[in-house]
>>> print(open('model_13.txt').read())   # compact mmCIF, C-alpha atoms
# COMPACT_ATOMS: atom_id res chain seq x y z
CA MET A 2 81.70 114.93 83.16
CA GLY A 3 84.13 116.46 85.55
CA THR A 4 87.38 114.91 86.57
CA SER A 5 88.99 114.15 89.88
CA VAL A 6 92.35 115.55 90.87
CA TYR A 7 94.63 113.88 93.38
CA LEU A 8 97.17 116.02 95.20
CA PHE A 9 100.00 114.03 96.70
CA SER A 10 102.69 116.67 96.93
CA GLY A 11 102.60 119.42 99.47
CA GLY A 12 101.77 122.94 98.44
CA GLN A 13 99.15 125.60 98.38
CA LEU A 14 95.80 125.32 96.69
CA ARG A 15 94.41 128.74 95.91
CA ARG A 16 91.84 130.58 93.96
CA LYS A 17 93.50 132.68 91.30
CA ASP A 18 92.20 134.37 88.15
CA ASN A 19 88.82 132.83 88.89
CA THR A 20 90.22 129.32 88.62
CA LEU A 21 92.17 126.96 90.83
CA VAL A 22 95.92 126.92 91.08
CA PHE A 23 98.13 124.49 92.91
CA GLU A 24 101.51 125.87 93.85
CA SER A 25 104.03 123.29 94.91
CA PRO A 26 107.83 123.09 94.88
CA ASP A 27 107.50 121.39 91.49
CA GLY A 28 105.87 124.44 89.98
CA THR A 29 102.54 126.11 89.48
CA LYS A 30 99.68 124.15 87.99
CA TYR A 31 96.42 125.65 86.92
CA LEU A 32 93.42 123.39 87.32
CA PRO A 33 90.50 124.19 85.02
CA VAL A 34 87.82 124.77 87.62
CA GLU A 35 84.86 124.13 85.33
CA ASN A 36 86.06 120.63 84.60
CA ILE A 37 86.77 119.51 88.14
CA GLN A 38 84.31 117.67 90.32
CA GLU A 39 86.41 116.70 93.28
CA ILE A 40 89.88 117.04 94.69
CA TYR A 41 91.60 114.46 96.87
CA LEU A 42 94.05 115.95 99.31
CA PHE A 43 96.72 113.51 100.39
CA GLY A 44 99.70 115.80 100.77
CA GLU A 45 100.23 118.66 103.18
CA VAL A 46 98.12 121.23 101.37
CA ASP A 47 97.35 124.75 102.59
CA LEU A 48 93.83 125.94 101.93
CA THR A 49 92.21 129.28 102.45
CA LYS A 50 88.67 130.22 103.23
CA SER A 51 88.22 131.94 99.90
CA LEU A 52 89.18 128.65 98.26
CA LEU A 53 86.46 126.84 100.20
CA GLU A 54 83.94 129.49 99.20
CA PHE A 55 85.00 129.10 95.61
CA CYS A 56 84.79 125.30 95.75
CA SER A 57 81.34 125.50 97.24
CA GLN A 58 80.23 127.87 94.53
CA LYS A 59 81.65 125.61 91.83
CA GLU A 60 80.26 122.50 93.53
CA ILE A 61 83.63 120.87 93.99
CA LEU A 62 84.08 118.28 96.75
CA LEU A 63 87.30 118.19 98.73
CA HIS A 64 88.17 114.80 100.19
CA ILE A 65 90.71 115.08 102.93
CA PHE A 66 93.03 112.25 103.84
CA ASN A 67 95.43 112.20 106.71
CA SER A 68 98.74 112.99 105.07
CA GLU A 69 100.86 110.59 107.04
CA TYR A 70 98.58 107.61 106.87
CA GLU A 71 95.88 107.13 104.35
CA TYR A 72 92.96 107.56 106.71
CA TYR A 73 89.94 109.20 105.24
CA MET A 74 89.37 112.26 107.40
CA GLY A 75 86.29 113.72 105.81
CA THR A 76 84.89 115.66 102.95
CA PHE A 77 84.24 119.31 102.45
CA TYR A 78 80.77 118.86 101.07
CA PRO A 79 79.61 122.03 99.38
CA ARG A 80 76.21 123.50 99.94
CA GLU A 81 73.62 121.15 98.52
CA HIS A 82 72.34 122.37 95.22
CA LEU A 83 70.03 119.53 94.28
CA ASN A 84 68.54 118.52 97.61
CA ALA A 85 64.82 118.34 97.40
CA GLY A 86 62.90 118.51 100.63
CA HIS A 87 60.49 115.93 99.34
CA VAL A 88 63.21 113.34 98.79
CA THR A 89 64.74 113.99 102.20
CA VAL A 90 61.36 113.55 103.87
CA LYS A 91 60.87 110.26 102.03
CA GLN A 92 64.33 109.08 102.96
CA VAL A 93 63.63 109.78 106.61
CA GLU A 94 60.25 108.07 106.38
CA TYR A 95 61.97 104.89 105.22
CA TYR A 96 64.59 105.23 107.89
CA LEU A 97 62.10 105.60 110.72
CA ASP A 98 59.90 102.67 109.74
CA PRO A 99 61.78 99.60 111.08
CA GLN A 100 60.27 97.25 108.52
CA ARG A 101 61.02 99.39 105.52
CA ARG A 102 64.47 100.23 106.79
CA LEU A 103 65.29 96.57 107.27
CA ASP A 104 63.96 95.73 103.84
CA LEU A 105 66.19 98.28 102.16
CA ALA A 106 69.19 97.31 104.29
CA ARG A 107 68.69 93.67 103.30
CA ARG A 108 68.81 94.64 99.67
CA PHE A 109 72.22 96.23 100.12
CA VAL A 110 73.58 93.15 101.85
CA GLU A 111 72.01 90.91 99.25
CA GLY A 112 73.61 92.89 96.44
CA ALA A 113 76.98 92.86 98.16
CA ALA A 114 76.83 89.09 98.75
CA ARG A 115 75.87 88.35 95.19
CA ASN A 116 78.70 90.43 93.82
CA MET A 117 81.12 88.68 96.14
CA LEU A 118 79.88 85.36 94.83
CA GLN A 119 80.32 86.61 91.31
CA VAL A 120 83.97 87.48 91.97
CA LEU A 121 84.63 84.09 93.57
CA LYS A 122 82.90 82.23 90.76
CA TYR A 123 85.12 83.98 88.26
CA TYR A 124 88.18 82.71 90.05
CA ARG A 125 86.71 79.26 90.60
CA ASN A 126 86.32 78.96 86.85
CA ARG A 127 89.98 79.81 86.55
CA GLY A 128 90.98 76.96 88.77
CA LYS A 129 91.45 78.78 92.09
CA LYS A 130 90.49 76.87 95.19
CA VAL A 131 87.64 78.99 96.47
CA GLU A 132 84.85 76.41 96.36
CA GLY A 133 84.55 76.02 100.14
CA HIS A 134 84.24 79.74 100.78
CA LEU A 135 81.78 80.04 97.96
CA GLU A 136 79.49 77.45 99.43
CA ARG A 137 79.63 78.98 102.89
CA ILE A 138 78.75 82.40 101.52
CA GLN A 139 75.81 80.91 99.67
CA GLU A 140 74.67 79.34 102.90
CA LEU A 141 74.96 82.62 104.80
CA GLU A 142 73.26 84.47 101.99
CA GLY A 143 70.21 82.28 102.53
CA LYS A 144 69.91 83.69 106.04
CA ILE A 145 69.55 87.29 104.93
CA PRO A 146 65.73 87.17 104.79
CA GLU A 147 65.63 85.65 108.28
CA THR A 148 67.31 88.55 110.05
CA ALA A 149 64.87 90.54 112.09
CA GLU A 150 66.94 93.59 112.95
CA VAL A 151 69.54 95.77 111.33
CA PRO A 152 72.33 95.00 113.82
CA ALA A 153 71.83 91.27 113.20
CA LEU A 154 71.98 91.95 109.49
CA MET A 155 75.21 93.89 109.96
CA ALA A 156 76.68 90.94 111.82
CA LEU A 157 75.62 88.56 109.09
CA GLU A 158 77.16 90.84 106.52
CA GLY A 159 80.34 90.76 108.57
CA ASN A 160 80.36 86.96 108.52
CA ILE A 161 79.85 86.85 104.79
CA ARG A 162 82.66 89.27 104.22
CA GLU A 163 84.93 87.33 106.53
CA GLN A 164 84.42 84.19 104.46
CA TYR A 165 84.95 86.15 101.32
CA TYR A 166 88.19 87.78 102.42
CA ARG A 167 89.53 84.40 103.50
CA ALA A 168 89.22 83.27 99.91
CA PHE A 169 91.66 86.00 98.90
CA ASP A 170 94.66 83.88 99.83
CA ALA A 171 93.69 81.29 97.26
CA ILE A 172 93.31 83.98 94.64
CA VAL A 173 96.34 86.16 95.32
CA LEU A 174 98.75 83.28 96.09
CA GLN A 175 101.51 85.56 97.36
CA GLU A 176 103.13 85.10 100.70
CA ASP A 177 103.63 88.83 101.09
CA PHE A 178 99.91 89.38 100.89
CA GLN A 179 98.21 86.91 103.22
CA PHE A 180 94.83 87.90 104.49
CA ASP A 181 94.99 86.47 108.03
CA ARG A 182 92.09 88.52 109.39
CA ARG A 183 90.46 91.84 108.71
CA THR A 184 92.05 94.63 110.67
CA ARG A 185 91.25 98.30 110.47
CA ARG A 186 92.34 101.50 112.15
CA PRO A 187 95.13 100.67 111.69
CA PRO A 188 95.32 97.85 109.17
CA GLU A 189 97.88 95.39 110.41
CA ASN A 190 99.03 93.74 107.25
CA HIS A 191 99.64 94.57 103.64
CA LEU A 192 96.47 93.14 102.19
CA ASN A 193 94.33 94.85 104.82
CA THR A 194 96.00 98.15 103.97
CA LEU A 195 95.04 97.79 100.34
CA ILE A 196 91.47 96.88 101.25
CA SER A 197 91.14 99.89 103.54
CA PHE A 198 92.65 102.29 101.07
CA GLY A 199 90.50 101.01 98.22
CA ASN A 200 87.35 101.16 100.32
CA SER A 201 87.99 104.75 101.34
CA LEU A 202 88.42 105.73 97.69
CA LEU A 203 85.13 104.03 96.94
CA TYR A 204 83.29 105.75 99.79
CA SER A 205 84.31 109.14 98.51
CA ALA A 206 83.47 108.22 94.91
CA VAL A 207 79.96 107.20 95.97
CA LEU A 208 79.65 110.37 98.01
CA ARG A 209 80.58 112.43 94.99
CA GLU A 210 77.96 110.69 92.89
CA THR A 211 75.40 111.20 95.65
CA TYR A 212 76.05 114.90 95.42
CA LYS A 213 74.72 114.79 91.88
CA THR A 214 71.41 113.29 92.97
CA HIS A 215 68.65 114.54 95.24
CA LEU A 216 69.56 112.14 97.98
CA ASP A 217 70.86 113.20 101.33
CA PRO A 218 74.01 111.18 102.04
CA ARG A 219 73.50 111.48 105.79
CA ILE A 220 70.58 109.09 105.83
CA GLY A 221 71.70 105.50 105.41
CA TYR A 222 69.80 102.30 106.08
CA LEU A 223 72.25 99.51 106.72
CA HIS A 224 74.69 101.86 108.38
CA THR A 225 72.98 103.79 111.14
CA SER A 226 72.56 107.45 110.41
CA ASN A 227 73.11 108.82 113.85
CA TYR A 228 76.44 110.22 114.93
CA ARG A 229 77.98 109.79 111.55
CA ARG A 230 78.45 112.37 108.87
CA PHE A 231 77.61 110.30 105.86
CA SER A 232 76.19 106.82 105.76
CA LEU A 233 74.17 106.35 102.59
CA ASN A 234 77.41 106.24 100.62
CA LEU A 235 78.63 103.41 102.86
CA ASP A 236 75.47 101.42 102.09
CA VAL A 237 75.76 101.79 98.36
CA ALA A 238 79.53 101.21 98.46
CA GLU A 239 78.92 97.70 99.86
CA ILE A 240 77.58 96.61 96.51
CA PHE A 241 80.57 97.90 94.59
CA LYS A 242 83.39 96.82 96.87
CA PRO A 243 83.78 93.37 95.30
CA ILE A 244 83.54 94.53 91.70
CA LEU A 245 85.59 97.69 91.98
CA VAL A 246 87.96 97.58 94.92
CA ASP A 247 88.72 93.88 95.27
CA ARG A 248 89.17 93.25 91.59
CA LEU A 249 91.54 96.20 91.48
CA ILE A 250 93.55 94.68 94.30
CA PHE A 251 93.83 91.40 92.41
CA THR A 252 95.01 93.30 89.35
CA VAL A 253 97.71 95.35 91.04
CA LEU A 254 98.98 92.35 92.96
CA GLY A 255 98.73 89.91 90.06
CA LYS A 256 100.66 92.20 87.78
CA LYS A 257 103.07 93.01 90.60
CA MET A 258 102.36 96.70 90.19
CA ILE A 259 102.39 97.00 93.96
CA THR A 260 104.82 94.92 95.97
CA ARG A 261 105.95 94.82 99.53
CA ARG A 262 108.40 97.63 98.83
CA ASP A 263 105.49 100.04 98.43
CA PHE A 264 104.59 99.79 102.10
CA ASP A 265 105.89 101.28 105.31
CA ALA A 266 105.41 100.00 108.82
CA LYS A 267 104.53 102.78 111.22
CA LEU A 268 103.56 102.67 114.86
CA GLU A 269 101.23 99.68 114.86
CA GLY A 270 99.96 99.58 111.33
CA ILE A 271 101.14 99.09 107.80
CA TYR A 272 100.80 101.98 105.39
CA LEU A 273 101.05 102.44 101.68
CA LYS A 274 103.88 104.66 100.56
CA GLU A 275 103.28 107.46 98.12
CA SER A 276 104.59 105.32 95.26
CA GLY A 277 102.02 102.63 96.02
CA ARG A 278 99.21 105.09 96.53
CA LYS A 279 99.90 106.71 93.17
CA VAL A 280 99.81 103.38 91.37
CA PHE A 281 96.63 102.41 93.15
CA VAL A 282 94.93 105.74 92.47
CA SER A 283 95.78 105.81 88.78
CA GLU A 284 94.50 102.26 88.35
CA TRP A 285 91.41 103.26 90.29
CA GLU A 286 90.75 106.20 88.01
CA ARG A 287 91.19 103.98 85.00
CA ARG A 288 88.76 101.45 86.36
CA LEU A 289 86.08 104.04 87.15
CA GLY A 290 86.29 105.26 83.58
CA THR A 291 86.05 101.79 82.08
CA THR A 292 82.77 101.18 80.34
CA ILE A 293 80.65 98.07 80.36
CA ARG A 294 77.57 97.22 78.42
CA HIS A 295 74.59 97.75 80.67
CA ARG A 296 71.90 95.15 80.05
CA SER A 297 68.79 97.08 80.85
CA ILE A 298 69.89 100.38 79.35
CA GLY A 299 71.42 98.68 76.35
CA ARG A 300 74.43 100.91 75.99
CA GLU A 301 77.89 101.45 77.37
CA VAL A 302 78.17 103.02 80.80
CA SER A 303 81.25 103.68 82.90
CA TYR A 304 81.59 102.26 86.38
CA ARG A 305 81.37 105.79 87.70
CA ARG A 306 78.03 106.23 86.00
CA LEU A 307 76.95 102.83 87.25
CA ILE A 308 77.33 104.09 90.81
CA ARG A 309 75.07 107.02 90.04
CA LEU A 310 72.47 104.78 88.42
CA GLU A 311 72.45 102.78 91.63
CA LEU A 312 71.71 105.91 93.60
CA TYR A 313 68.89 106.82 91.25
CA LYS A 314 67.40 103.40 91.92
CA VAL A 315 67.56 104.03 95.66
CA GLU A 316 65.89 107.36 95.12
CA LYS A 317 63.13 105.73 93.09
CA HIS A 318 62.69 103.16 95.83
CA VAL A 319 62.04 105.72 98.53
CA VAL A 320 60.18 108.27 96.46
CA GLU A 321 58.13 106.26 94.03
CA GLY A 322 58.12 102.90 95.73
CA GLU A 323 59.71 101.22 92.74
CA GLU A 324 61.51 98.25 94.24
CA TYR A 325 65.24 98.64 94.43
CA ARG A 326 67.17 95.74 92.92
CA PRO A 327 70.89 96.01 93.50
CA PHE A 328 73.27 95.80 90.60
CA VAL A 329 74.84 92.39 90.21
CA ALA A 330 77.81 91.94 87.93
CA GLN A 331 77.37 89.37 85.19
CA TRP A 332 81.03 88.52 84.77
CA MET B 5 84.43 116.19 73.71
CA PHE B 6 88.00 117.29 73.41
CA VAL B 7 88.99 120.70 72.10
CA ILE B 8 92.15 122.47 71.09
CA LEU B 9 91.88 126.23 71.33
CA VAL B 10 94.37 128.64 69.79
CA TYR B 11 94.18 132.39 69.97
CA ASP B 12 95.87 135.35 68.41
CA VAL B 13 94.71 138.54 70.05
CA ALA B 14 96.06 142.05 70.57
CA GLN B 15 98.61 142.17 73.36
CA LYS B 16 96.45 144.04 75.83
CA ARG B 17 93.85 141.29 75.75
CA VAL B 18 96.19 138.30 75.84
CA ALA B 19 96.12 137.99 79.63
CA LYS B 20 92.35 138.31 79.78
CA VAL B 21 91.82 135.62 77.19
CA LEU B 22 94.33 133.30 78.83
CA LYS B 23 92.70 133.68 82.24
CA LYS B 24 89.27 133.00 80.88
CA CYS B 25 90.42 129.91 78.97
CA ARG B 26 92.20 128.54 82.01
CA GLU B 27 88.90 128.21 83.80
CA TYR B 28 87.87 125.58 81.31
CA LEU B 29 90.96 124.18 79.62
CA THR B 30 94.57 123.37 80.28
CA TRP B 31 97.32 125.60 79.02
CA VAL B 32 99.75 123.69 76.79
CA GLN B 33 101.91 126.40 75.34
CA ASN B 34 101.71 130.07 74.44
CA SER B 35 98.31 130.80 72.96
CA VAL B 36 97.31 127.13 72.95
CA LEU B 37 95.01 125.30 75.34
CA GLU B 38 93.34 121.94 75.21
CA GLY B 39 91.16 119.65 77.25
CA GLU B 40 87.93 117.76 77.75
CA ILE B 41 84.92 120.03 77.84
CA THR B 42 81.17 119.61 77.73
CA LYS B 43 79.04 121.11 75.02
CA ALA B 44 77.44 123.46 77.52
CA ASN B 45 80.75 124.61 78.92
CA LEU B 46 82.13 125.22 75.45
CA TYR B 47 79.13 127.35 74.72
CA ARG B 48 79.72 129.33 77.90
CA LEU B 49 83.40 129.72 77.14
CA LYS B 50 82.68 131.01 73.65
CA ARG B 51 80.12 133.45 74.93
CA GLU B 52 82.50 134.76 77.57
CA LEU B 53 85.38 135.06 75.12
CA LYS B 54 83.17 136.99 72.77
CA GLN B 55 82.85 139.69 75.38
CA ILE B 56 86.62 139.97 75.75
CA ILE B 57 87.86 139.95 72.19
CA GLU B 58 87.43 142.57 69.49
CA GLU B 59 85.96 140.62 66.67
CA ASP B 60 87.47 142.71 63.90
CA GLU B 61 90.98 142.46 65.31
CA ASP B 62 91.44 139.23 67.28
CA SER B 63 90.98 135.62 66.39
CA VAL B 64 90.30 132.46 68.31
CA ILE B 65 90.18 129.06 66.64
CA ILE B 66 88.68 126.02 68.30
CA TYR B 67 89.28 122.53 66.95
CA ILE B 68 86.68 120.10 68.17
CA LEU B 69 87.31 116.38 68.41
CA ARG B 70 84.47 114.15 69.43
CA THR B 71 86.91 111.81 71.10
CA THR B 72 90.66 111.57 71.11
CA THR B 73 90.52 107.89 70.20
CA TYR B 74 91.70 108.29 66.64
CA SER B 75 94.03 111.19 67.23
CA GLU B 76 97.64 111.15 68.17
CA ARG B 77 99.61 113.76 70.05
CA GLN B 78 103.25 114.04 69.16
CA ILE B 79 105.59 116.34 70.96
CA MET B 80 108.93 117.66 69.76
CA GLY B 81 111.17 119.41 72.21
CA VAL B 82 109.90 120.27 75.68
CA GLU B 83 106.39 119.63 76.88
CA LYS B 84 105.48 122.91 78.54
CA GLY B 85 102.14 122.19 80.10
CA LYS B 86 99.74 119.33 80.45
CA PHE B 87 96.86 118.30 82.62
CA ASP B 88 97.79 115.93 85.39
CA GLN B 89 95.20 114.22 87.48
CA ILE B 90 97.74 113.09 90.01
CA LEU B 91 100.01 115.78 91.38
>>> encode(input="model_13.txt", output="structure tokens")
Amino acid sequence: MGTSVYLFSGGQLRRKDNTLVFESPDGTKYLPVENIQEIYLFGEVDLTKSLLEFCSQKEILLHIFNSEYEYYMGTFYPREHLNAGHVTVKQVEYYLDPQRRLDLARRFVEGAARNMLQVLKYYRNRGKKVEGHLERIQELEGKIPETAEVPALMALEGNIREQYYRAFDAIVLQEDFQFDRRTRRPPENHLNTLISFGNSLLYSAVLRETYKTHLDPRIGYLHTSNYRRFSLNLDVAEIFKPILVDRLIFTVLGKKMITRRDFDAKLEGIYLKESGRKVFVSEWERRLGTTIRHRSIGREVSYRRLIRLELYKVEKHVVEGEEYRPFVAQW
Amino acid sequence: MFVILVYDVAQKRVAKVLKKCREYLTWVQNSVLEGEITKANLYRLKRELKQIIEEDEDSVIIYILRTTTYSERQIMGVEKGKFDQIL
């Protein structure tokens, strides 16, 4: 349990009466602190140190986004309460052994590729012209076991994703949202903006789920750990990008919930306006709460929970040596 | 689960009860709060409220709904408070 709160308007977030209160020009809103897991700060929000202390105590994550653009700036990650030294040691052990690191990294790429294929197959069955891309991804997928080093694997992953994103044009079929090529920091067209925004929401969602496990999010395998705050969440996010972010993009575009009017061109890049961000975020929340029937558990689990289960599998892989098999969507 | 909590307490304890409830639930109108809550948190809330209220004078009623699926919320007049995820 525990919900996420997204603050788009400007105001002051404070600790008051032992709970959280958000004071904005629209009025004062109390946020029930015991029920909140994370807060996304998009607007110009004033924070105080006592608020940070309080959030840390209540184990609430604060994800900070640049208020003008939707860059992910970072997360106020409260003091770890579940970290177990043993798990951290094991994580590092796997990181330092090149063979074991590569093996785990390959699994992430493998999972990501298979989910991408799953998305494309779905659209192929609905008569979209994605066959060519599908075949090329299958070809590239076959090369995953041949890669001898993590950077080569990263490059291969890049190629797979490139092919996959190219197929978007055949799925979206809207002139306003042509893929062209992947651009980041800043995204240079509308589709890229949606991809970037969706991915950053996913990264923080995985980070939040990591916080509930014993894992240390700083130690990733596909994404190098050094010089980066968090990288394990990036690894695990790879698997969920196709099923969560990309499908969401197809939904909001297909239903015309987000159109070209929801974007602004600034400096060099294209940015989502508040209207578009709000639509995207509320659809995102809805999707994370959606439940699916999990085959091996045999009951309904939400996508949010699915992310956590994935992290537990990673933990089992490093601690108990139980082979990690990435989640692959069946639909 | 989802709960609706209503209270009727002596005036000098109203503020205390309200503040405590706000840590867990969302204020909807005077003396009424509602929201999703876990079993454990409800237990904590009840225990904490017990220390505030005078049991022979005040009363707190909690309606518990396992899910809100089969319930309907109708509003007449103004909606005074509700929980918003997106602000």
>>> closest_residue(input="model_13.txt", among="A:Leu233, A:Ala266, A:Val173, A:Leu202", to="Leu254 of chain A", atoms="all atoms listed in the file")
A:Val173
>>> interface_residues(input="model_13.txt", of="chain B", to="chain A", cutoff="7 Å", atoms="only C-alpha atoms", output="ChimeraX atom specification")
/B:23,26-30,41,89-91
>>> residues_around(input="model_13.txt", residues="segment 69-81 of chain B", least_positions_apart="3", cutoff="7 Å", atoms="only C-alpha atoms", output="list in words")
Met5, Phe6 and Val7 of chain B
>>> atom_distance(input="model_13.txt", atom1="atom CA of Leu118 of chain A", atom2="atom CA of Lys144 of chain A")
15.1 Å
>>> residues_around(input="model_13.txt", residues="Val10 of chain B", least_positions_apart="2", cutoff="8 Å", atoms="only C-alpha atoms", output="PyMOL selection string")
chain B and resi 8+12+35-37+64-66
>>> atom_distance(input="model_13.txt", atom1="atom CA of Cys56 of chain A", atom2="atom CA of Pro79 of chain A")
7.1 Å
>>> closest_residue(input="model_13.txt", among="A:Ala114, A:Ile172, A:Ala156, A:Ala206", to="Glu136 of chain A", atoms="all atoms listed in the file")
A:Ala114
>>> atom_distance(input="model_13.txt", atom1="atom CA of Ser297 of chain A", atom2="atom CA of Glu316 of chain A")
17.8 Å
>>> residues_around(input="model_13.txt", residues="Ser63 of chain B", least_positions_apart="3", cutoff="10 Å", atoms="all atoms listed in the file", output="ChimeraX atom specification")
/B:10-14,57-60
>>> residues_around(input="model_13.txt", residues="segment 321-327 of chain A", least_positions_apart="3", cutoff="12 Å", atoms="all atoms listed in the file", output="VMD selection string")
chain A and resid 87 to 88 91 to 92 95 101 104 to 116 236 to 241 307 to 308 310 to 318 330
>>> residues_around(input="model_13.txt", residues="Arg306 of chain A", least_positions_apart="6", cutoff="12 Å", atoms="all atoms listed in the file", output="PyMOL selection string")
chain A and resi 2-3+206-207+209-211+213-214+288-295+300+312-313
>>> write_last_selection(input="model_13.txt", atoms="C-alpha atoms", output="mmCIF file, in the coordinates of the input")
data_model
loop_
_atom_site.group_PDB
_atom_site.id
_atom_site.type_symbol
_atom_site.label_atom_id
_atom_site.label_comp_id
_atom_site.auth_asym_id
_atom_site.auth_seq_id
_atom_site.Cartn_x
_atom_site.Cartn_y
_atom_site.Cartn_z
ATOM 1 C CA MET A 2 81.700 114.930 83.160
ATOM 2 C CA GLY A 3 84.130 116.460 85.550
ATOM 3 C CA ALA A 206 83.470 108.220 94.910
ATOM 4 C CA VAL A 207 79.960 107.200 95.970
ATOM 5 C CA ARG A 209 80.580 112.430 94.990
ATOM 6 C CA GLU A 210 77.960 110.690 92.890
ATOM 7 C CA THR A 211 75.400 111.200 95.650
ATOM 8 C CA LYS A 213 74.720 114.790 91.880
ATOM 9 C CA THR A 214 71.410 113.290 92.970
ATOM 10 C CA ARG A 288 88.760 101.450 86.360
ATOM 11 C CA LEU A 289 86.080 104.040 87.150
ATOM 12 C CA GLY A 290 86.290 105.260 83.580
ATOM 13 C CA THR A 291 86.050 101.790 82.080
ATOM 14 C CA THR A 292 82.770 101.180 80.340
ATOM 15 C CA ILE A 293 80.650 98.070 80.360
ATOM 16 C CA ARG A 294 77.570 97.220 78.420
ATOM 17 C CA HIS A 295 74.590 97.750 80.670
ATOM 18 C CA ARG A 300 74.430 100.910 75.990
ATOM 19 C CA LEU A 312 71.710 105.910 93.600
ATOM 20 C CA TYR A 313 68.890 106.820 91.250
#
